[in-house]
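Shown next: data-v4.cif, containing mmCIF, C-alpha atoms.
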```cif
data_start
#
loop_
_atom_site.label_atom_id
_atom_site.label_comp_id
_atom_site.auth_asym_id
_atom_site.auth_seq_id
_atom_site.Cartn_x
_atom_site.Cartn_y
_atom_site.Cartn_z
CA MET A 4 0.00 0.00 0.00
CA LYS A 5 2.83 2.38 0.87
CA LEU A 6 4.57 1.58 -2.42
CA LYS A 7 1.38 2.38 -4.32
CA LYS A 8 1.11 5.73 -2.56
CA VAL A 9 4.74 6.50 -3.37
CA LEU A 10 4.22 5.66 -7.05
CA VAL A 11 1.08 7.80 -7.21
CA GLY A 12 2.95 10.65 -5.55
CA LEU A 13 5.82 10.36 -8.00
CA SER A 14 3.42 10.29 -10.93
CA VAL A 15 1.69 13.45 -9.70
CA LEU A 16 5.06 15.12 -9.19
CA LEU A 17 6.21 14.24 -12.70
CA VAL A 18 2.98 15.60 -14.15
CA LEU A 19 3.41 18.82 -12.21
CA VAL A 20 7.02 19.17 -13.35
CA ALA A 21 6.00 18.53 -16.97
CA VAL A 22 3.14 21.04 -16.82
CA THR A 23 5.35 23.64 -15.14
CA GLY A 24 8.07 23.10 -17.73
CA PHE A 25 5.54 23.43 -20.54
CA LEU A 26 4.18 26.68 -19.13
CA VAL A 27 7.67 28.11 -18.64
CA VAL A 28 8.77 27.29 -22.20
CA ARG A 29 5.48 28.58 -23.57
CA SER A 30 6.08 31.87 -21.79
CA TRP A 31 9.43 32.09 -23.58
CA THR A 32 7.70 31.78 -26.98
CA ALA A 33 5.59 34.93 -26.54
CA THR A 34 6.98 38.09 -28.17
CA PRO A 35 5.49 41.48 -29.10
CA HIS A 36 5.44 40.38 -32.74
CA GLY A 37 4.17 36.83 -32.67
CA ARG A 38 5.05 33.48 -31.17
CA LEU A 39 8.40 31.77 -31.53
CA ASP A 40 8.55 28.05 -32.17
CA TYR A 41 9.01 26.46 -28.74
CA ARG A 42 12.25 24.75 -29.80
CA VAL A 43 13.68 28.07 -30.98
CA ALA A 44 12.56 29.81 -27.80
CA ALA A 45 14.21 27.16 -25.63
CA TYR A 46 17.42 27.31 -27.67
CA LEU A 47 17.65 31.09 -27.40
CA LYS A 48 16.89 31.09 -23.68
CA LEU A 49 19.05 28.17 -22.60
CA THR A 50 22.12 28.86 -24.76
CA GLY A 51 22.18 32.65 -24.55
CA ALA A 52 22.81 32.69 -28.31
CA PRO A 53 21.58 36.28 -28.89
CA GLU A 54 23.91 37.67 -26.22
CA LYS A 55 26.84 35.59 -27.50
CA SER A 56 26.19 36.81 -31.03
CA LEU A 57 26.14 40.41 -29.88
CA ARG A 58 29.49 39.95 -28.15
CA GLU A 59 30.98 38.91 -31.50
CA VAL A 60 30.72 42.53 -32.65
CA ASP A 61 33.90 43.31 -30.71
CA MET A 62 35.53 39.93 -31.22
CA PRO A 63 38.61 39.38 -33.42
CA VAL A 64 37.59 38.04 -36.82
CA ALA A 65 39.51 34.78 -36.41
CA GLU A 66 37.73 34.04 -33.15
CA SER A 67 34.29 34.86 -34.61
CA ARG A 68 35.00 32.46 -37.46
CA LYS A 69 35.86 29.74 -34.97
CA ARG A 70 32.63 30.43 -33.08
CA LEU A 71 30.56 29.90 -36.25
CA ILE A 72 32.31 26.62 -36.95
CA GLU A 73 31.52 25.43 -33.41
CA ARG A 74 27.91 26.64 -33.56
CA ALA A 75 27.31 24.98 -36.92
CA ALA A 76 28.74 21.69 -35.66
CA SER A 77 26.45 21.72 -32.61
CA VAL A 78 23.18 21.79 -34.57
CA ARG A 79 23.87 20.10 -37.91
CA GLY A 80 22.65 16.64 -38.76
CA ALA A 81 24.56 13.46 -39.45
CA PRO A 82 26.38 13.49 -42.81
CA ILE A 83 24.23 12.19 -45.64
CA GLU A 84 26.02 9.63 -47.76
CA MET A 85 26.97 10.74 -51.28
CA ALA A 86 28.32 8.81 -54.24
CA SER A 87 31.36 11.06 -54.00
CA VAL A 88 32.58 14.25 -52.32
CA LYS A 89 35.61 15.93 -53.84
CA ASP A 90 37.52 19.12 -53.09
CA MET A 91 39.06 20.85 -56.07
CA ASP A 92 39.78 24.27 -57.55
CA ALA A 93 37.49 26.03 -60.00
CA GLU A 94 39.73 27.90 -62.40
CA ALA A 95 38.07 30.54 -64.55
CA MET A 96 38.40 34.23 -65.39
CA GLY A 97 41.94 34.31 -64.01
CA LEU A 98 40.79 33.08 -60.58
CA SER A 99 41.28 29.81 -58.72
CA VAL A 100 38.36 29.25 -56.36
CA PRO A 101 38.23 26.28 -53.95
CA VAL A 102 35.03 24.24 -54.33
CA ARG A 103 33.60 21.01 -52.96
CA VAL A 104 31.62 18.83 -55.36
CA TYR A 105 28.84 16.62 -53.96
CA THR A 106 27.66 13.94 -56.37
CA PRO A 107 24.47 12.07 -55.41
CA LYS A 108 23.84 8.42 -56.04
CA GLY A 109 22.52 7.52 -59.48
CA ASP A 110 23.52 7.94 -63.09
CA GLY A 111 24.41 11.25 -64.71
CA PRO A 112 24.62 13.60 -66.30
CA PHE A 113 23.04 15.35 -63.33
CA PRO A 114 21.60 18.84 -63.00
CA VAL A 115 23.91 21.06 -60.94
CA VAL A 116 23.42 23.58 -58.14
CA VAL A 117 26.14 26.12 -57.39
CA PHE A 118 25.91 26.83 -53.66
CA TYR A 119 27.25 29.85 -51.75
CA HIS A 120 27.58 29.59 -47.96
CA GLY A 121 26.48 32.22 -45.47
CA GLY A 122 28.46 33.98 -42.77
CA GLY A 123 28.22 37.68 -43.54
CA TRP A 124 30.92 37.47 -46.25
CA VAL A 125 33.30 37.25 -43.26
CA GLN A 126 32.72 33.79 -41.77
CA GLY A 127 31.84 30.31 -42.98
CA ASN A 128 33.39 27.83 -45.37
CA ARG A 129 32.70 24.53 -47.10
CA ASP A 130 32.72 22.68 -43.78
CA THR A 131 30.18 24.88 -41.97
CA HIS A 132 27.67 24.23 -44.75
CA ASP A 133 28.51 20.62 -45.51
CA TRP A 134 25.16 19.30 -44.23
CA PRO A 135 22.79 21.51 -46.28
CA CYS A 136 24.84 20.83 -49.43
CA ARG A 137 24.59 17.08 -48.88
CA ALA A 138 20.88 17.37 -48.13
CA ILE A 139 20.14 19.41 -51.25
CA ALA A 140 22.11 17.00 -53.43
CA ASP A 141 20.39 13.98 -51.88
CA ARG A 142 16.84 15.35 -52.11
CA SER A 143 17.09 17.07 -55.50
CA GLY A 144 19.22 14.51 -57.33
CA ALA A 145 21.58 17.28 -58.45
CA VAL A 146 25.31 17.69 -58.09
CA VAL A 147 26.01 20.50 -55.64
CA VAL A 148 29.15 22.61 -56.05
CA SER A 149 29.90 24.47 -52.80
CA VAL A 150 32.01 27.57 -53.37
CA ASP A 151 34.66 28.64 -50.84
CA TYR A 152 34.86 32.26 -51.95
CA ARG A 153 37.34 34.76 -50.48
CA LEU A 154 36.26 36.39 -47.22
CA ALA A 155 36.32 39.96 -45.94
CA PRO A 156 37.92 41.92 -44.40
CA GLU A 157 41.03 40.45 -46.02
CA HIS A 158 39.23 40.47 -49.36
CA PRO A 159 36.52 43.16 -49.52
CA TYR A 160 33.93 43.62 -52.27
CA PRO A 161 33.90 42.61 -55.08
CA ALA A 162 36.20 39.65 -54.31
CA ALA A 163 33.43 37.33 -53.07
CA VAL A 164 31.03 38.01 -55.93
CA ASN A 165 33.82 37.73 -58.49
CA ASP A 166 34.74 34.31 -57.07
CA ALA A 167 31.05 33.35 -57.06
CA TYR A 168 30.64 34.22 -60.73
CA ALA A 169 33.94 32.57 -61.73
CA ALA A 170 32.76 29.33 -60.10
CA LEU A 171 29.54 29.49 -62.11
CA VAL A 172 31.49 29.97 -65.34
CA TRP A 173 33.71 27.02 -64.42
CA VAL A 174 30.72 24.77 -63.71
CA LYS A 175 29.25 25.65 -67.09
CA ALA A 176 32.52 24.84 -68.87
CA ASN A 177 33.23 21.57 -67.05
CA GLY A 178 29.99 19.66 -67.34
CA LYS A 179 31.67 16.57 -68.79
CA SER A 180 34.23 16.14 -66.01
CA LEU A 181 31.61 16.92 -63.34
CA ASN A 182 29.09 14.53 -64.93
CA THR A 183 26.57 17.38 -65.08
CA ASP A 184 24.28 18.84 -67.71
CA PRO A 185 25.61 22.34 -68.54
CA LEU A 186 22.10 23.36 -69.61
CA LYS A 187 20.64 22.60 -66.18
CA ILE A 188 22.36 24.95 -63.74
CA ALA A 189 20.82 26.56 -60.66
CA VAL A 190 22.29 28.70 -57.90
CA ALA A 191 21.52 28.67 -54.19
CA GLY A 192 22.80 30.21 -51.00
CA ASP A 193 21.89 31.23 -47.48
CA SER A 194 22.26 34.67 -45.88
CA ALA A 195 25.36 36.30 -47.43
CA GLY A 196 25.44 33.32 -49.77
CA GLY A 197 21.89 34.17 -50.84
CA ASN A 198 23.16 37.66 -51.59
CA LEU A 199 25.88 36.17 -53.81
CA ALA A 200 23.46 33.81 -55.56
CA ALA A 201 21.16 36.72 -56.43
CA ALA A 202 24.12 38.87 -57.51
CA VAL A 203 25.43 36.10 -59.76
CA CYS A 204 22.05 35.95 -61.51
CA LEU A 205 22.21 39.69 -62.18
CA MET A 206 25.83 39.46 -63.30
CA SER A 207 25.17 36.54 -65.63
CA ARG A 208 22.22 38.38 -67.18
CA ASP A 209 24.20 41.57 -67.63
CA ARG A 210 27.26 39.81 -69.06
CA LYS A 211 25.28 37.33 -71.15
CA GLY A 212 26.92 34.56 -69.15
CA PRO A 213 25.74 31.04 -68.28
CA SER A 214 22.00 30.52 -68.33
CA ILE A 215 20.62 29.89 -64.84
CA ALA A 216 17.49 27.77 -64.48
CA PHE A 217 16.59 28.68 -60.90
CA GLN A 218 17.72 30.61 -57.83
CA ALA A 219 17.05 29.36 -54.29
CA LEU A 220 17.69 32.18 -51.82
CA VAL A 221 17.56 31.27 -48.14
CA TYR A 222 17.04 34.27 -45.81
CA PRO A 223 19.22 36.37 -48.12
CA GLY A 224 20.70 39.76 -47.31
CA LEU A 225 19.86 41.85 -50.36
CA ASP A 226 20.14 45.50 -49.33
CA ALA A 227 23.32 46.67 -47.62
CA ALA A 228 22.35 50.34 -47.84
CA ASN A 229 19.05 50.41 -45.95
CA LEU A 230 18.77 48.66 -42.60
CA ASP A 231 15.46 50.22 -41.64
CA THR A 232 12.73 47.70 -42.45
CA ASP A 233 10.13 46.53 -39.95
CA SER A 234 12.02 43.28 -39.52
CA TYR A 235 15.16 45.22 -38.56
CA ARG A 236 13.14 47.27 -36.08
CA PHE A 237 11.33 44.28 -34.59
CA PHE A 238 14.13 41.69 -34.53
CA GLY A 239 17.32 43.76 -34.43
CA THR A 240 18.24 42.27 -31.06
CA GLY A 241 17.33 39.12 -29.17
CA TYR A 242 16.98 36.65 -32.04
CA MET A 243 20.62 35.54 -32.56
CA LEU A 244 21.44 37.54 -35.72
CA ASN A 245 21.53 41.11 -34.46
CA LYS A 246 21.52 44.33 -36.46
CA ALA A 247 24.91 45.19 -34.94
CA ASN A 248 26.40 42.00 -36.40
CA ILE A 249 25.15 42.90 -39.86
CA GLU A 250 26.49 46.43 -39.61
CA ARG A 251 29.88 44.98 -38.75
CA PHE A 252 29.77 42.51 -41.65
CA ILE A 253 28.79 45.24 -44.10
CA ALA A 254 31.60 47.50 -42.85
CA MET A 255 34.10 44.71 -43.53
CA TYR A 256 32.75 43.57 -46.90
CA LEU A 257 31.80 47.03 -48.18
CA PRO A 258 34.22 49.47 -46.52
CA ASP A 259 33.59 52.00 -49.28
CA GLY A 260 30.07 53.20 -48.57
CA ARG A 261 29.51 54.02 -52.24
CA ASP A 262 29.60 50.30 -53.08
CA ARG A 263 26.62 49.55 -50.86
CA THR A 264 24.12 50.65 -53.50
CA ASP A 265 25.83 48.68 -56.27
CA ALA A 266 23.50 46.05 -57.73
CA TYR A 267 26.01 43.24 -57.20
CA ALA A 268 26.34 44.21 -53.52
CA SER A 269 22.64 44.98 -52.96
CA PRO A 270 20.59 43.05 -55.56
CA LEU A 271 17.35 44.55 -54.24
CA LEU A 272 18.56 47.94 -55.52
CA ALA A 273 19.25 46.83 -59.10
CA LYS A 274 17.76 49.17 -61.69
CA SER A 275 16.00 46.26 -63.38
CA HIS A 276 14.89 42.85 -62.15
CA ALA A 277 13.65 41.71 -65.53
CA ASN A 278 14.89 38.56 -67.26
CA LEU A 279 16.13 36.87 -64.11
CA PRO A 280 15.70 33.18 -63.22
CA PRO A 281 12.62 32.02 -61.32
CA ALA A 282 13.18 32.05 -57.59
CA LEU A 283 12.25 30.59 -54.25
CA VAL A 284 12.99 32.97 -51.38
CA ILE A 285 12.85 31.30 -47.97
CA THR A 286 12.55 33.66 -45.02
CA ALA A 287 12.30 33.25 -41.25
CA GLU A 288 9.54 35.08 -39.37
CA PHE A 289 11.88 36.35 -36.62
CA ASP A 290 14.81 37.46 -38.79
CA VAL A 291 16.11 40.95 -39.50
CA LEU A 292 16.55 39.96 -43.17
CA ARG A 293 12.96 38.78 -43.61
CA ASP A 294 11.49 41.89 -45.22
CA GLU A 295 14.18 42.45 -47.85
CA GLY A 296 13.97 38.83 -48.95
CA GLU A 297 10.22 39.08 -49.41
CA ALA A 298 10.60 42.47 -51.11
CA TYR A 299 13.00 40.86 -53.59
CA ALA A 300 10.48 38.18 -54.53
CA LYS A 301 7.95 40.95 -55.19
CA LYS A 302 10.49 42.84 -57.33
CA LEU A 303 11.04 39.75 -59.47
CA ASN A 304 7.30 39.19 -59.91
CA ASP A 305 6.64 42.86 -60.68
CA ALA A 306 9.33 42.69 -63.38
CA GLY A 307 7.52 39.83 -65.11
CA GLY A 308 9.44 36.98 -63.52
CA ARG A 309 8.30 34.12 -61.32
CA ALA A 310 9.20 34.14 -57.66
CA ARG A 311 7.68 32.79 -54.48
CA ALA A 312 8.45 33.87 -50.94
CA SER A 313 8.05 31.16 -48.31
CA ARG A 314 8.04 32.43 -44.72
CA TYR A 315 8.69 29.89 -41.95
CA ALA A 316 6.62 30.77 -38.91
CA GLY A 317 8.36 30.94 -35.55
CA MET A 318 11.82 30.54 -37.07
CA ILE A 319 15.02 32.57 -36.74
CA HIS A 320 17.98 33.15 -39.01
CA ALA A 321 20.06 30.05 -39.87
CA PHE A 322 17.28 27.56 -39.02
CA VAL A 323 17.87 25.59 -42.24
CA SER A 324 21.33 24.58 -40.98
CA ALA A 325 19.97 23.21 -37.69
CA PRO A 326 18.34 19.83 -38.43
CA LYS A 327 19.43 18.43 -35.07
CA LEU A 328 17.22 21.03 -33.40
CA LEU A 329 14.46 21.91 -35.86
CA PRO A 330 12.32 19.69 -38.13
CA GLN A 331 11.62 22.82 -40.21
CA SER A 332 15.20 22.54 -41.45
CA MET A 333 14.52 19.42 -43.49
CA ARG A 334 11.13 20.79 -44.50
CA ALA A 335 12.91 23.76 -46.10
CA ILE A 336 15.41 21.46 -47.82
CA GLU A 337 12.51 19.45 -49.26
CA GLU A 338 10.89 22.66 -50.50
CA ILE A 339 14.10 23.74 -52.20
CA ALA A 340 14.58 20.31 -53.75
CA SER A 341 11.01 20.23 -55.05
CA GLU A 342 11.41 23.60 -56.75
CA LEU A 343 14.73 22.56 -58.25
CA LYS A 344 13.27 19.36 -59.66
CA THR A 345 10.41 21.30 -61.22
CA ALA A 346 12.76 23.85 -62.75
CA PHE A 347 15.09 21.22 -64.19
CA ALA A 348 12.21 19.07 -65.50
CA GLY A 349 10.88 22.02 -67.47
CA MET A 350 14.06 22.41 -69.50
#
```
Would you encode the structure as structure tokens?
Amino acid sequence: MKLKKVLVGLSVLLVLVAVTGFLVVRSWTATPHGRLDYRVAAYLKLTGAPEKSLREVDMPVAESRKRLIERAASVRGAPIEMASVKDMDAEAMGLSVPVRVYTPKGDGPFPVVVFYHGGGWVQGNRDTHDWPCRAIADRSGAVVVSVDYRLAPEHPYPAAVNDAYAALVWVKANGKSLNTDPLKIAVAGDSAGGNLAAAVCLMSRDRKGPSIAFQALVYPGLDAANLDTDSYRFFGTGYMLNKANIERFIAMYLPDGRDRTDAYASPLLAKSHANLPPALVITAEFDVLRDEGEAYAKKLNDAGGRARASRYAGMIHAFVSAPKLLPQSMRAIEEIASELKTAFAGM
């Protein structure tokens, strides 16, 4: 009888603890501008990620790069098996750009996606974005070429976008050795990489370069000159990627303020958005870059193109690279892969 009472007491206690925990976490999800996903809210609260990110503003560049590598490793998923993964150099236009080529299982020639990693043009590399590249290759059935472009402040604008475009030209010219179809090329990127993917589309149009079938832009930064949208005002602090971080990145990548309105630095400000590839623009509800990404999709549609903005409710910047934490990560990968398949099938 005593044992039964003890077990009942323990059960009641566990229920109370669970209910209390639920109510506490739910209180963390409430914000003045909507409700965070409970997993995101717990991550922000328990890790102190927003405060740590803000401290990076005064951190030496080398240390901030190390922090991103560690953060990416803590939330990425297990490596997805590929038929092959090879590091090589893309040599084009007088440049030699390190790339990593992910070939999925199956028979080629495959479509190909040129991928540009995020990190504010200052951080990140092929390793920090290894998981999303594998996932895109696996789900879309395309070869993914991840571009390790030069970083600021050592190499300010236009070094990164020049590397990004040179890699595209190289992919186009080397379809046979890559086992890819040079007529089925897409570009993709997240954050600063989304900026480069959009800029490469503009550059290729303007230079009559390689034809691009599709652009997948994941929470891209597209306007370096105007940091005054609602999303900047609402989410400038407290949601991991802070406005102060972006101001620092822009100062390093675009030290000459006159460059910040250049179309290849701020694709949203291009004089024309006509004749650009169809696009998927993924945004996060609680992200300072949300509004400019959605504005870019509207610009493309208004110019006669085809673009769709897909906002992920309750999410923050970089959620696509966090499959260990967020199921929405793989959901976004599946959405990208579906759009890529449709674009390639229509060619």
Handout entry: Shell around Lys301 in chain A at 12 Å using all atoms listed in the file, local window under 5 positions removed, as a list in words
Key = Leu271, His276, Ala277, Pro281, Ala282, Leu283, Val284, Asp294, Glu295, Gly296, Ala306, Gly307, Gly308, Arg309, Ala310, Arg311, Ala312 and Ser313 of chain A
Exercise for the section: Run the PyMOL selection byres ((chain A and resi 81-84) around 7) against the file shown and list the residues it catches, as a PyMOL selection string. Expected result: chain A and resi 79-80+85-86+134+137-138
Practice task
Identify all residues satisfying the PyMOL selection byres ((chain A and resi 108-115) around 7) in the given file; provide them as a PyMOL selection string.
Solution key: chain A and resi 85-86+106-107+116-117+145-147+182-184+187-189
Practice task
Could you tell me which residues the PyMOL selection byres ((chain A and resi 350) around 10) returns for this structure, as JSON, numbers by chain?
Solution key: {"A": [186, 187, 216, 345, 346, 347, 348, 349]}
Exercise for the section: Would you list the contacts of Gly224 in chain A as a list in words, taking every protein, DNA or RNA residue within 8 Å and counting only C-alpha atoms, but skipping same-chain residues closer than 4 positions in sequence? Expected result: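 Answer for this query is Ser194, Ala195, Gly197, Asn198, Ser269, Leu292, Glu295 and Gly296 of chain A.
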Exercise for the section: Rounded to one decimal place, report the CA of Ser87 in chain A-CA of Gly121 in chain A distance in Å. Expected result: 23.3 Å
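Comparing A:Phe217, A:Tyr267, A:Trp173, A:Tyr222 by their smallest distance to Arg314 in chain A, the closest is A:Tyr222 (using all atoms listed in the file).
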Exercise for the section: Enter the distance from CA of Asp209 in chain A to CA of Leu181 in chain A, in Å, rounded to one decimal. Expected result: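 Separation between CA of Asp209 in chain A and CA of Leu181 in chain A: 26.1 Å.
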Practice task
Do a neighbour search on Met243 in chain A at 9 Å with all atoms listed in the file, toss out local chain neighbours closer than 4 positions, and write the hits as a list in words.
Solution key: Leu47, Gly51, Ala52, Pro53, Glu54, Lys55, Ser56, Leu57, Asp290, Ile319 and His320 of chain A
Exercise for the section: Rank A:Asp265, A:Asp193, A:Asp133, A:Glu94 by their smallest atom-to-atom distance to Ala228 in chain A, using all atoms listed in the file, and report the top residue only. Expected result: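 Answer, going by the shortest atom-to-atom distance: A:Asp265.
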Practice task
Go ahead and compute the interatomic distance for CA of Arg142 in chain A and CA of Lys344 in chain A, in Å to one decimal.
Solution key: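 Going from CA of Arg142 in chain A over to CA of Lys344 in chain A, I get 9.3 Å.
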Would you compute the box with edges along x, y and z of the file around range 180-197 of chain A, including every atom the file lists for it and 4 Å extra on each side, and give its centre and edge lengths in Å to one decimal, as lines of an AutoDock Vina configuration file?
```
center_x = 27.4
center_y = 25.4
center_z = -57.7
size_x = 21.6
size_y = 29.8
size_z = 31.7
```
Problem - Nearby residues (all atoms listed in the file) at most 8 Å from Phe118 in chain A, same-chain spacing under 2 positions excluded, as a PyMOL selection string - result: chain A and resi 116+120+136+147-150+190-192+196+200
Problem - Counting all atoms listed in the file, the residue of A:Asn278, A:Thr50, A:Thr232, A:Ser30 that sits nearest Cys204 in chain A - result: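 Counting all atoms listed in the file, the residue closest to Cys204 in chain A is A:Asn278.
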Exercise for the section: Choose the residue, out of A:Glu342, A:Asp92, A:Glu73, A:Asp141, that has the smallest atom-to-atom separation from Tyr105 in chain A; count all atoms listed in the file. Expected result: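 Between A:Glu342, A:Asp92, A:Glu73, A:Asp141, the residue approaching Tyr105 in chain A most closely is A:Asp141.
Once all atoms listed in the file are considered, the residues situated within 9 Å of the file point (38.0, 18.0, -50.2) turn out to be Val88, Lys89, Asp90, Met91, Val102, Arg103, Val104 and Arg129 of chain A.
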I need the residues from that last selection saved to file as a PDB file, in the coordinates of the input (with C-alpha atoms), if you can.
```pdb
ATOM      1  CA  VAL A  88      32.580  14.250 -52.320  1.00  0.00           C
ATOM      2  CA  LYS A  89      35.610  15.930 -53.840  1.00  0.00           C
ATOM      3  CA  ASP A  90      37.520  19.120 -53.090  1.00  0.00           C
ATOM      4  CA  MET A  91      39.060  20.850 -56.070  1.00  0.00           C
ATOM      5  CA  VAL A 102      35.030  24.240 -54.330  1.00  0.00           C
ATOM      6  CA  ARG A 103      33.600  21.010 -52.960  1.00  0.00           C
ATOM      7  CA  VAL A 104      31.620  18.830 -55.360  1.00  0.00           C
ATOM      8  CA  ARG A 129      32.700  24.530 -47.100  1.00  0.00           C
TER       9      ARG A 129
END
```
Exercise for the section: Might you pull out every residue within 12 Å of Asn248 in chain A, with all atoms listed in the file counted and same-chain residues fewer than 4 positions away left off, and present them as a VMD selection string? Expected result: chain A and resid 53 to 62 64 67 122 to 126 230 235 239 to 244 252 to 255 291
Exercise for the section: Have a look at A:Gln331, A:Ser275, A:Ser207, A:Ser77 and name the one nearest to Tyr168 in chain A; count only C-alpha atoms. Expected result: A:Ser207
Exercise for the section: Between A:Ser341, A:Thr264, A:Asn177, A:Thr286, single out the one closest to Pro223 in chain A, counting all atoms listed in the file. Expected result: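 Under the stated criterion, the closest residue is A:Thr286.
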My structure is short of atoms at range 135-152 of chain A; please model N, CA, C and O atoms there, returning them as a short mmCIF file (atom, residue, chain, number, x, y, z; two decimals), keeping the file's coordinate frame.
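So part_29.cif came out as:
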```
data_model
loop_
_atom_site.label_atom_id
_atom_site.label_comp_id
_atom_site.auth_asym_id
_atom_site.auth_seq_id
_atom_site.Cartn_x
_atom_site.Cartn_y
_atom_site.Cartn_z
N PRO A 135 23.82 21.11 -45.31
CA PRO A 135 22.79 21.51 -46.28
C PRO A 135 23.16 21.16 -47.73
O PRO A 135 22.28 20.85 -48.53
N CYS A 136 24.45 21.19 -48.07
CA CYS A 136 24.84 20.83 -49.43
C CYS A 136 24.57 19.36 -49.70
O CYS A 136 24.05 18.98 -50.76
N ARG A 137 24.90 18.51 -48.73
CA ARG A 137 24.59 17.08 -48.88
C ARG A 137 23.08 16.85 -48.99
O ARG A 137 22.62 16.05 -49.81
N ALA A 138 22.33 17.56 -48.15
CA ALA A 138 20.88 17.37 -48.13
C ALA A 138 20.25 17.81 -49.44
O ALA A 138 19.36 17.14 -49.98
N ILE A 139 20.69 18.94 -49.98
CA ILE A 139 20.14 19.41 -51.25
C ILE A 139 20.48 18.44 -52.37
O ILE A 139 19.63 18.10 -53.21
N ALA A 140 21.72 17.96 -52.41
CA ALA A 140 22.11 17.00 -53.43
C ALA A 140 21.29 15.72 -53.33
O ALA A 140 20.80 15.19 -54.33
N ASP A 141 21.12 15.23 -52.11
CA ASP A 141 20.39 13.98 -51.88
C ASP A 141 18.92 14.11 -52.27
O ASP A 141 18.36 13.23 -52.95
N ARG A 142 18.27 15.21 -51.88
CA ARG A 142 16.84 15.35 -52.11
C ARG A 142 16.51 15.81 -53.53
O ARG A 142 15.44 15.49 -54.04
N SER A 143 17.39 16.56 -54.15
CA SER A 143 17.09 17.07 -55.50
C SER A 143 17.64 16.19 -56.62
O SER A 143 17.21 16.31 -57.76
N GLY A 144 18.59 15.33 -56.29
CA GLY A 144 19.22 14.51 -57.33
C GLY A 144 20.15 15.31 -58.21
O GLY A 144 20.43 14.91 -59.35
N ALA A 145 20.66 16.42 -57.69
CA ALA A 145 21.58 17.28 -58.45
C ALA A 145 22.95 17.25 -57.81
O ALA A 145 23.09 17.09 -56.59
N VAL A 146 23.98 17.44 -58.63
CA VAL A 146 25.31 17.69 -58.09
C VAL A 146 25.29 19.08 -57.45
O VAL A 146 24.69 20.01 -57.99
N VAL A 147 25.90 19.21 -56.30
CA VAL A 147 26.01 20.50 -55.64
C VAL A 147 27.49 20.89 -55.58
O VAL A 147 28.32 20.10 -55.12
N VAL A 148 27.79 22.07 -56.08
CA VAL A 148 29.15 22.61 -56.05
C VAL A 148 29.18 23.74 -55.02
O VAL A 148 28.61 24.81 -55.25
N SER A 149 29.82 23.49 -53.87
CA SER A 149 29.90 24.47 -52.80
C SER A 149 31.14 25.33 -52.98
O SER A 149 32.26 24.81 -53.10
N VAL A 150 30.94 26.64 -52.99
CA VAL A 150 32.01 27.57 -53.37
C VAL A 150 32.63 28.21 -52.12
O VAL A 150 31.94 28.84 -51.32
N ASP A 151 33.93 28.06 -51.97
CA ASP A 151 34.66 28.64 -50.84
C ASP A 151 35.28 29.96 -51.28
O ASP A 151 36.50 30.09 -51.45
N TYR A 152 34.43 30.95 -51.45
CA TYR A 152 34.86 32.26 -51.95
C TYR A 152 35.72 32.99 -50.91
O TYR A 152 35.70 32.69 -49.73
#
```
